[in-house]
Amino acid sequence: MSEGSWTDDILLKLLNIVVYFTFLGSNIYTIAAPHDIYYSGKETYFTPAPWTFLIWTLIHLLLLGTIVYQFTAAGKKVVIDGSLMALCLARCPKCNLRQPLGDAPLRRGLYLRALRQQHCNVANPLANSGQHIYYIVKKHHAPLNTGDEIFVHLPFSLWHGWTTVLVVLTAFEAFGVNAVSETAGVWTKVFVFLALFFLEGTAAAYAFTSVEGDLPASIAIMWSLFGVFAEQKDPFVHWSSLAFAVLSAFCVVKGIWGMYRRFTTTVVLIEDEERGPLLGGR
(Lines give C-alpha, C1' and ligand atoms only; values in the text may rest on other atoms or scores of the structure.)
Protein backbone atom coordinates (compact mmCIF):
# COMPACT_ATOMS: atom_id res chain seq x y z
CA MET A 1 0.00 0.00 0.00
CA SER A 2 1.25 3.45 -0.86
CA GLU A 3 2.49 5.58 1.99
CA GLY A 4 1.08 8.71 0.35
CA SER A 5 2.75 11.90 -0.73
CA TRP A 6 4.17 14.71 1.37
CA THR A 7 1.65 16.98 -0.36
CA ASP A 8 -1.33 15.15 1.15
CA ASP A 9 -3.40 17.57 3.27
CA ILE A 10 -0.95 20.25 2.23
CA LEU A 11 -3.30 23.09 3.22
CA LEU A 12 -3.42 21.89 6.81
CA LYS A 13 0.34 21.48 6.87
CA LEU A 14 0.87 24.96 5.47
CA LEU A 15 -1.58 26.37 8.01
CA ASN A 16 0.53 24.86 10.78
CA ILE A 17 3.64 26.48 9.33
CA VAL A 18 2.08 29.92 8.92
CA VAL A 19 0.58 29.98 12.42
CA TYR A 20 3.75 28.66 14.03
CA PHE A 21 6.11 31.22 12.51
CA THR A 22 3.67 34.11 12.83
CA PHE A 23 3.31 33.78 16.55
CA LEU A 24 6.88 32.65 17.10
CA GLY A 25 7.87 36.07 15.77
CA SER A 26 5.39 37.70 18.11
CA ASN A 27 6.89 35.83 21.05
CA ILE A 28 10.42 36.85 20.09
CA TYR A 29 9.31 40.46 20.05
CA THR A 30 7.65 40.06 23.45
CA ILE A 31 10.94 38.90 24.95
CA ALA A 32 13.21 41.25 23.01
CA ALA A 33 11.09 44.34 23.74
CA PRO A 34 12.69 47.02 25.97
CA HIS A 35 10.56 45.95 28.95
CA ASP A 36 10.77 42.20 28.70
CA ILE A 37 8.70 40.42 31.33
CA TYR A 38 11.42 38.14 32.65
CA TYR A 39 13.37 41.01 34.17
CA SER A 40 10.71 43.68 34.64
CA GLY A 41 7.80 41.60 35.92
CA LYS A 42 6.66 41.39 39.53
CA GLU A 43 9.24 39.70 41.73
CA THR A 44 7.62 37.22 44.11
CA TYR A 45 9.01 34.71 46.57
CA PHE A 46 8.39 31.99 44.01
CA THR A 47 9.84 33.70 40.95
CA PRO A 48 12.56 31.53 39.35
CA ALA A 49 15.74 32.83 37.75
CA PRO A 50 15.23 34.34 34.26
CA TRP A 51 17.24 31.55 32.64
CA THR A 52 14.57 29.11 33.77
CA PHE A 53 12.31 30.42 31.01
CA LEU A 54 14.78 29.23 28.37
CA ILE A 55 12.83 25.99 28.44
CA TRP A 56 10.41 27.79 26.11
CA THR A 57 13.20 27.89 23.53
CA LEU A 58 13.60 24.12 23.69
CA ILE A 59 9.86 23.60 23.39
CA HIS A 60 9.71 25.89 20.36
CA LEU A 61 12.61 24.08 18.69
CA LEU A 62 10.93 20.73 19.25
CA LEU A 63 7.65 22.06 17.87
CA LEU A 64 9.57 23.27 14.84
CA GLY A 65 10.68 19.68 14.46
CA THR A 66 7.04 18.66 14.71
CA ILE A 67 6.22 21.02 11.85
CA VAL A 68 8.85 19.28 9.71
CA TYR A 69 7.85 15.83 10.96
CA GLN A 70 4.30 16.28 9.70
CA PHE A 71 5.61 15.95 6.13
CA THR A 72 6.75 12.36 6.74
CA ALA A 73 4.40 9.39 6.48
CA ALA A 74 4.75 8.55 10.17
CA GLY A 75 4.38 12.17 11.24
CA LYS A 76 1.26 12.69 9.13
CA LYS A 77 -0.48 9.82 10.91
CA VAL A 78 -0.06 11.56 14.26
CA VAL A 79 0.13 15.28 13.52
CA ILE A 80 -2.42 15.45 10.72
CA ASP A 81 -4.61 12.33 10.81
CA GLY A 82 -4.45 11.73 14.53
CA SER A 83 -3.71 15.14 16.00
CA LEU A 84 -4.50 18.06 13.75
CA MET A 85 -8.17 17.24 13.27
CA ALA A 86 -8.86 15.53 16.58
CA LEU A 87 -6.10 16.75 18.86
CA CYS A 88 -4.09 19.81 17.85
CA LEU A 89 -7.25 21.50 16.63
CA ALA A 90 -8.12 21.61 20.31
CA ARG A 91 -11.07 23.76 21.17
CA CYS A 92 -10.36 27.21 22.53
CA PRO A 93 -11.71 27.52 26.12
CA LYS A 94 -14.07 30.35 25.22
CA CYS A 95 -14.99 29.67 21.60
CA ASN A 96 -15.92 26.92 19.17
CA LEU A 97 -13.06 27.58 16.77
CA ARG A 98 -10.53 24.81 16.47
CA GLN A 99 -6.91 25.89 16.53
CA PRO A 100 -4.02 24.34 14.56
CA LEU A 101 -0.89 22.80 15.99
CA GLY A 102 1.05 26.01 15.48
CA ASP A 103 -1.07 27.80 18.07
CA ALA A 104 1.26 26.56 20.83
CA PRO A 105 3.42 29.68 20.35
CA LEU A 106 0.25 31.78 20.19
CA ARG A 107 -0.94 30.50 23.53
CA ARG A 108 2.50 31.06 25.00
CA GLY A 109 2.57 34.63 23.67
CA LEU A 110 -0.86 35.35 25.11
CA TYR A 111 0.27 33.89 28.42
CA LEU A 112 3.33 36.14 28.54
CA ARG A 113 1.25 39.23 27.86
CA ALA A 114 -1.26 38.22 30.49
CA LEU A 115 1.56 37.54 32.94
CA ARG A 116 3.04 40.99 32.28
CA GLN A 117 -0.30 42.58 33.15
CA GLN A 118 -0.91 40.09 35.99
CA HIS A 119 -4.25 38.90 34.61
CA CYS A 120 -4.48 35.60 36.46
CA ASN A 121 -7.93 34.78 35.07
CA VAL A 122 -6.48 34.89 31.55
CA ALA A 123 -3.02 33.45 32.14
CA ASN A 124 -4.09 30.32 33.98
CA PRO A 125 -6.40 28.97 31.24
CA LEU A 126 -3.73 29.73 28.65
CA ALA A 127 -1.04 28.02 30.70
CA ASN A 128 -3.26 24.94 30.96
CA SER A 129 -4.28 24.89 27.32
CA GLY A 130 -1.77 22.14 26.55
CA GLN A 131 -3.23 19.72 29.07
CA HIS A 132 -5.93 18.44 26.74
CA ILE A 133 -3.36 17.85 24.00
CA TYR A 134 -1.06 16.12 26.48
CA TYR A 135 -3.82 13.82 27.68
CA ILE A 136 -4.81 12.75 24.17
CA VAL A 137 -1.19 12.22 23.11
CA LYS A 138 -0.48 10.01 26.11
CA LYS A 139 -3.76 8.10 25.95
CA HIS A 140 -4.29 7.60 22.23
CA HIS A 141 -0.90 8.04 20.54
CA ALA A 142 1.69 5.67 21.94
CA PRO A 143 5.08 6.36 20.31
CA LEU A 144 5.74 3.97 17.42
CA ASN A 145 9.18 5.25 16.49
CA THR A 146 11.89 7.71 17.44
CA GLY A 147 10.18 10.52 15.54
CA ASP A 148 7.03 10.13 17.62
CA GLU A 149 9.12 10.20 20.79
CA ILE A 150 11.09 13.33 19.90
CA PHE A 151 8.62 15.44 17.93
CA VAL A 152 5.28 14.52 19.51
CA HIS A 153 5.69 13.19 23.04
CA LEU A 154 8.77 15.14 24.10
CA PRO A 155 7.53 18.69 23.33
CA PHE A 156 4.09 18.16 24.81
CA SER A 157 5.46 16.44 27.92
CA LEU A 158 7.82 19.36 28.50
CA TRP A 159 4.96 21.75 27.82
CA HIS A 160 2.69 20.01 30.30
CA GLY A 161 5.25 19.93 33.09
CA TRP A 162 6.27 23.53 32.48
CA THR A 163 2.71 24.88 32.31
CA THR A 164 2.06 23.23 35.68
CA VAL A 165 4.85 25.43 37.02
CA LEU A 166 3.40 28.47 35.26
CA VAL A 167 0.02 27.99 36.91
CA VAL A 168 1.66 28.15 40.35
CA LEU A 169 3.85 31.08 39.34
CA THR A 170 0.82 32.98 38.02
CA ALA A 171 -0.95 32.54 41.34
CA PHE A 172 2.00 34.11 43.15
CA GLU A 173 2.16 36.88 40.54
CA ALA A 174 -1.51 37.67 41.14
CA PHE A 175 -1.85 37.21 44.90
CA GLY A 176 1.66 37.07 46.37
CA VAL A 177 3.58 39.92 47.93
CA ASN A 178 6.27 41.83 46.11
CA ALA A 179 9.62 40.39 47.17
CA VAL A 180 11.41 43.65 46.38
CA SER A 181 9.41 45.81 48.79
CA GLU A 182 8.02 43.34 51.36
CA THR A 183 9.60 40.70 53.54
CA ALA A 184 8.31 37.14 53.53
CA GLY A 185 5.79 36.63 56.30
CA VAL A 186 4.70 33.36 57.84
CA TRP A 187 1.82 32.82 55.39
CA THR A 188 4.02 33.62 52.41
CA LYS A 189 6.49 30.98 53.52
CA VAL A 190 3.69 28.48 54.13
CA PHE A 191 2.28 28.96 50.63
CA VAL A 192 5.73 28.82 49.05
CA PHE A 193 6.42 25.56 50.89
CA LEU A 194 3.07 24.12 49.77
CA ALA A 195 3.77 25.18 46.19
CA LEU A 196 7.19 23.53 46.26
CA PHE A 197 5.68 20.40 47.82
CA PHE A 198 2.97 20.32 45.16
CA LEU A 199 5.45 20.58 42.30
CA GLU A 200 7.74 17.94 43.73
CA GLY A 201 4.73 15.66 44.24
CA THR A 202 3.71 16.29 40.64
CA ALA A 203 7.21 15.35 39.48
CA ALA A 204 6.91 12.13 41.47
CA ALA A 205 3.50 11.44 39.91
CA TYR A 206 5.03 11.90 36.46
CA ALA A 207 7.87 9.53 37.39
CA PHE A 208 5.54 6.72 38.48
CA THR A 209 2.93 6.90 35.69
CA SER A 210 4.69 3.95 34.02
CA VAL A 211 7.93 1.99 34.17
CA GLU A 212 9.89 4.84 32.63
CA GLY A 213 7.48 7.56 33.79
CA ASP A 214 7.14 10.89 32.03
CA LEU A 215 10.77 11.93 32.10
CA PRO A 216 10.51 15.26 30.19
CA ALA A 217 7.72 16.57 32.43
CA SER A 218 9.72 15.65 35.54
CA ILE A 219 12.77 17.41 34.11
CA ALA A 220 10.73 20.57 33.46
CA ILE A 221 9.66 20.71 37.10
CA MET A 222 13.13 19.93 38.42
CA TRP A 223 14.55 22.68 36.20
CA SER A 224 12.06 25.21 37.57
CA LEU A 225 12.74 24.27 41.20
CA PHE A 226 16.46 24.79 40.71
CA GLY A 227 15.55 28.11 39.12
CA VAL A 228 13.64 29.13 42.26
CA PHE A 229 16.62 28.07 44.37
CA ALA A 230 18.99 30.19 42.27
CA GLU A 231 16.80 33.30 42.33
CA GLN A 232 15.44 33.48 45.87
CA LYS A 233 17.59 34.93 48.64
CA ASP A 234 15.27 34.42 51.60
CA PRO A 235 16.94 31.58 53.56
CA PHE A 236 13.75 29.56 54.10
CA VAL A 237 12.66 29.76 50.45
CA HIS A 238 16.21 29.32 49.17
CA TRP A 239 16.97 26.09 51.00
CA SER A 240 13.45 24.68 50.82
CA SER A 241 13.49 25.00 47.05
CA LEU A 242 16.88 23.28 46.92
CA ALA A 243 15.58 20.39 49.03
CA PHE A 244 12.56 19.87 46.79
CA ALA A 245 14.69 20.28 43.67
CA VAL A 246 16.97 17.48 44.86
CA LEU A 247 13.94 15.29 45.59
CA SER A 248 12.61 15.96 42.10
CA ALA A 249 16.03 15.04 40.73
CA PHE A 250 15.52 11.56 42.20
CA CYS A 251 12.29 11.37 40.19
CA VAL A 252 14.27 12.22 37.07
CA VAL A 253 16.83 9.52 37.89
CA LYS A 254 13.97 7.04 38.34
CA GLY A 255 12.68 7.97 34.89
CA ILE A 256 16.13 7.53 33.33
CA TRP A 257 16.49 4.14 34.99
CA GLY A 258 13.04 3.12 33.77
CA MET A 259 13.92 4.09 30.21
CA TYR A 260 17.14 2.09 30.46
CA ARG A 261 15.22 -0.96 31.70
CA ARG A 262 12.66 -0.63 28.92
CA PHE A 263 15.37 -0.35 26.30
CA THR A 264 17.43 -3.29 27.60
CA THR A 265 14.32 -5.46 28.00
CA THR A 266 13.31 -4.76 24.42
CA VAL A 267 16.80 -5.64 23.17
CA VAL A 268 16.81 -8.92 25.12
CA LEU A 269 13.38 -9.90 23.78
CA ILE A 270 14.49 -9.22 20.19
CA GLU A 271 17.69 -11.24 20.65
CA ASP A 272 15.74 -14.14 22.20
CA GLU A 273 13.36 -14.19 19.25
CA GLU A 274 16.25 -14.14 16.78
CA ARG A 275 17.95 -17.08 18.54
CA GLY A 276 14.74 -19.11 18.72
CA PRO A 277 14.09 -22.12 16.44
CA LEU A 278 12.44 -21.52 13.09
CA LEU A 279 10.15 -24.54 13.62
CA GLY A 280 8.41 -25.65 16.79
CA GLY A 281 9.48 -28.78 18.61
CA ARG A 282 12.82 -30.47 18.45
# chains A, B, ... in the order shown; residues from 1 in each chain; ligands from 1
call {"tool": "closest_atom_pairs", "arguments": {"of": "range 121-196 of chain A", "to": "range 227-248 of chain A", "cutoff": "10 Å", "atoms": "only C-alpha atoms", "output": "JSON lines"}}
result
{"residue": "A:Ala179", "atom": "CA", "partner": "A:Gln232", "partner_atom": "CA", "distance": 9.1}
{"residue": "A:Thr183", "atom": "CA", "partner": "A:Asp234", "partner_atom": "CA", "distance": 8.7}
{"residue": "A:Ala184", "atom": "CA", "partner": "A:Asp234", "partner_atom": "CA", "distance": 7.7}
{"residue": "A:Thr188", "atom": "CA", "partner": "A:Val237", "partner_atom": "CA", "distance": 9.7}
{"residue": "A:Lys189", "atom": "CA", "partner": "A:Val237", "partner_atom": "CA", "distance": 7.0}
{"residue": "A:Val190", "atom": "CA", "partner": "A:Val237", "partner_atom": "CA", "distance": 9.8}
{"residue": "A:Val192", "atom": "CA", "partner": "A:Val237", "partner_atom": "CA", "distance": 7.1}
{"residue": "A:Phe193", "atom": "CA", "partner": "A:Ser240", "partner_atom": "CA", "distance": 7.1}
{"residue": "A:Ala195", "atom": "CA", "partner": "A:Ser241", "partner_atom": "CA", "distance": 9.8}
{"residue": "A:Leu196", "atom": "CA", "partner": "A:Ser241", "partner_atom": "CA", "distance": 6.5}
call {"tool": "write_last_selection", "arguments": {"atoms": "N, CA, C and O atoms", "output": "CSV table (one decimal), in the first residue's frame"}}
result
chain,number,residue,atom,x,y,z
A,179,ALA,N,8.4,40.7,46.4
A,179,ALA,CA,9.6,40.4,47.2
A,179,ALA,C,10.6,41.5,47.3
A,179,ALA,O,11.5,41.5,48.1
A,183,THR,N,8.9,41.9,53.0
A,183,THR,CA,9.6,40.7,53.5
A,183,THR,C,8.6,39.5,53.5
A,183,THR,O,7.4,39.7,53.5
A,184,ALA,N,9.1,38.3,53.5
A,184,ALA,CA,8.3,37.1,53.5
A,184,ALA,C,7.8,36.9,54.9
A,184,ALA,O,8.5,36.6,55.9
A,188,THR,N,3.3,33.7,53.7
A,188,THR,CA,4.0,33.6,52.4
A,188,THR,C,4.9,32.4,52.4
A,188,THR,O,4.9,31.6,51.4
A,189,LYS,N,5.6,32.2,53.5
A,189,LYS,CA,6.5,31.0,53.5
A,189,LYS,C,5.7,29.7,53.5
A,189,LYS,O,6.1,28.7,52.9
A,190,VAL,N,4.5,29.7,54.1
A,190,VAL,CA,3.7,28.5,54.1
A,190,VAL,C,3.2,28.2,52.7
A,190,VAL,O,3.3,27.0,52.2
A,192,VAL,N,4.6,29.2,49.9
A,192,VAL,CA,5.7,28.8,49.1
A,192,VAL,C,6.1,27.4,49.3
A,192,VAL,O,6.3,26.6,48.4
A,193,PHE,N,6.1,27.0,50.6
A,193,PHE,CA,6.4,25.6,50.9
A,193,PHE,C,5.4,24.6,50.3
A,193,PHE,O,5.8,23.6,49.7
A,195,ALA,N,3.6,25.2,47.6
A,195,ALA,CA,3.8,25.2,46.2
A,195,ALA,C,4.9,24.3,45.8
A,195,ALA,O,4.9,23.5,44.8
A,196,LEU,N,6.0,24.4,46.5
A,196,LEU,CA,7.2,23.5,46.3
A,196,LEU,C,6.8,22.1,46.5
A,196,LEU,O,7.2,21.2,45.7
call {"tool": "select_by_dssp", "arguments": {"residues": "range 121-223 of chain A", "states": "alpha helix (DSSP H)", "output": "JSON, numbers by chain"}}
result
{"A": [121, 122, 123, 124, 125, 126, 127, 130, 131, 132, 133, 134, 135, 136, 137, 138, 139, 140, 146, 147, 148, 154, 155, 156, 157, 158, 159, 160, 161, 162, 163, 164, 165, 166, 167, 168, 169, 170, 171, 172, 173, 174, 175, 186, 187, 188, 189, 190, 191, 192, 193, 194, 195, 196, 197, 198, 199, 200, 201, 202, 203, 204, 205, 206, 207, 215, 216, 217, 218, 219, 220, 221, 222, 223]}
call {"tool": "atom_distance", "arguments": {"atom1": "CA of Phe191 in chain A", "atom2": "CA of Lys254 in chain A"}}
result
27.7 Å
call {"tool": "residues_around", "arguments": {"residues": "Ala220 in chain A", "least_positions_apart": "6", "cutoff": "8 Å", "atoms": "only C-alpha atoms", "output": "MDAnalysis selection string"}}
result
chainID A and resid 55 158 161:162
call {"tool": "write_last_selection", "arguments": {"atoms": "N, CA, C and O atoms", "output": "CSV table (one decimal), in the first residue's frame"}}
result
chain,number,residue,atom,x,y,z
A,55,ILE,N,13.5,27.2,28.8
A,55,ILE,CA,12.8,26.0,28.4
A,55,ILE,C,11.8,26.2,27.3
A,55,ILE,O,11.6,25.3,26.5
A,158,LEU,N,7.2,18.2,27.9
A,158,LEU,CA,7.8,19.4,28.5
A,158,LEU,C,6.8,20.5,28.7
A,158,LEU,O,6.8,21.2,29.8
A,161,GLY,N,4.6,19.7,31.8
A,161,GLY,CA,5.2,19.9,33.1
A,161,GLY,C,5.5,21.4,33.4
A,161,GLY,O,5.4,21.9,34.5
A,162,TRP,N,5.9,22.1,32.3
A,162,TRP,CA,6.3,23.5,32.5
A,162,TRP,C,5.0,24.4,32.8
A,162,TRP,O,5.1,25.3,33.6
call {"tool": "decode", "arguments": {"residues": "range 140-160 of chain A", "atoms": "N, CA and C atoms", "output": "short mmCIF file (atom, residue, chain, number, x, y, z; two decimals), in the first residue's frame"}}
result
data_model
loop_
_atom_site.label_atom_id
_atom_site.label_comp_id
_atom_site.auth_asym_id
_atom_site.auth_seq_id
_atom_site.Cartn_x
_atom_site.Cartn_y
_atom_site.Cartn_z
N HIS A 140 -3.89 8.14 23.52
CA HIS A 140 -4.29 7.60 22.23
C HIS A 140 -3.16 7.51 21.20
N HIS A 141 -1.97 8.03 21.53
CA HIS A 141 -0.90 8.04 20.54
C HIS A 141 0.40 7.55 21.15
N ALA A 142 0.45 6.26 21.43
CA ALA A 142 1.69 5.67 21.94
C ALA A 142 2.78 5.82 20.88
N PRO A 143 4.00 6.16 21.29
CA PRO A 143 5.08 6.36 20.31
C PRO A 143 5.41 5.06 19.58
N LEU A 144 5.44 5.13 18.26
CA LEU A 144 5.74 3.97 17.42
C LEU A 144 7.16 3.98 16.89
N ASN A 145 7.81 5.14 17.00
CA ASN A 145 9.18 5.25 16.49
C ASN A 145 9.87 6.42 17.18
N THR A 146 11.12 6.63 16.82
CA THR A 146 11.89 7.71 17.44
C THR A 146 11.31 9.08 17.12
N GLY A 147 10.79 9.25 15.91
CA GLY A 147 10.18 10.52 15.54
C GLY A 147 9.00 10.88 16.42
N ASP A 148 8.16 9.90 16.72
CA ASP A 148 7.03 10.13 17.62
C ASP A 148 7.51 10.55 19.00
N GLU A 149 8.58 9.90 19.46
CA GLU A 149 9.12 10.20 20.79
C GLU A 149 9.63 11.63 20.86
N ILE A 150 10.41 12.04 19.85
CA ILE A 150 11.09 13.33 19.90
C ILE A 150 10.18 14.50 19.53
N PHE A 151 9.36 14.31 18.49
CA PHE A 151 8.62 15.44 17.93
C PHE A 151 7.15 15.49 18.31
N VAL A 152 6.66 14.49 19.04
CA VAL A 152 5.28 14.52 19.51
C VAL A 152 5.23 14.43 21.03
N HIS A 153 5.79 13.37 21.59
CA HIS A 153 5.69 13.19 23.04
C HIS A 153 6.60 14.12 23.82
N LEU A 154 7.82 14.31 23.36
CA LEU A 154 8.77 15.14 24.10
C LEU A 154 8.32 16.59 24.24
N PRO A 155 7.93 17.29 23.16
CA PRO A 155 7.53 18.69 23.33
C PRO A 155 6.30 18.87 24.20
N PHE A 156 5.31 17.99 24.04
CA PHE A 156 4.09 18.16 24.81
C PHE A 156 4.24 17.71 26.26
N SER A 157 5.16 16.79 26.53
CA SER A 157 5.46 16.44 27.92
C SER A 157 6.17 17.59 28.62
N LEU A 158 7.15 18.18 27.94
CA LEU A 158 7.82 19.36 28.50
C LEU A 158 6.82 20.48 28.71
N TRP A 159 5.97 20.69 27.75
CA TRP A 159 4.96 21.75 27.82
C TRP A 159 4.04 21.53 29.01
N HIS A 160 3.61 20.30 29.21
CA HIS A 160 2.69 20.01 30.30
C HIS A 160 3.34 20.24 31.66
#
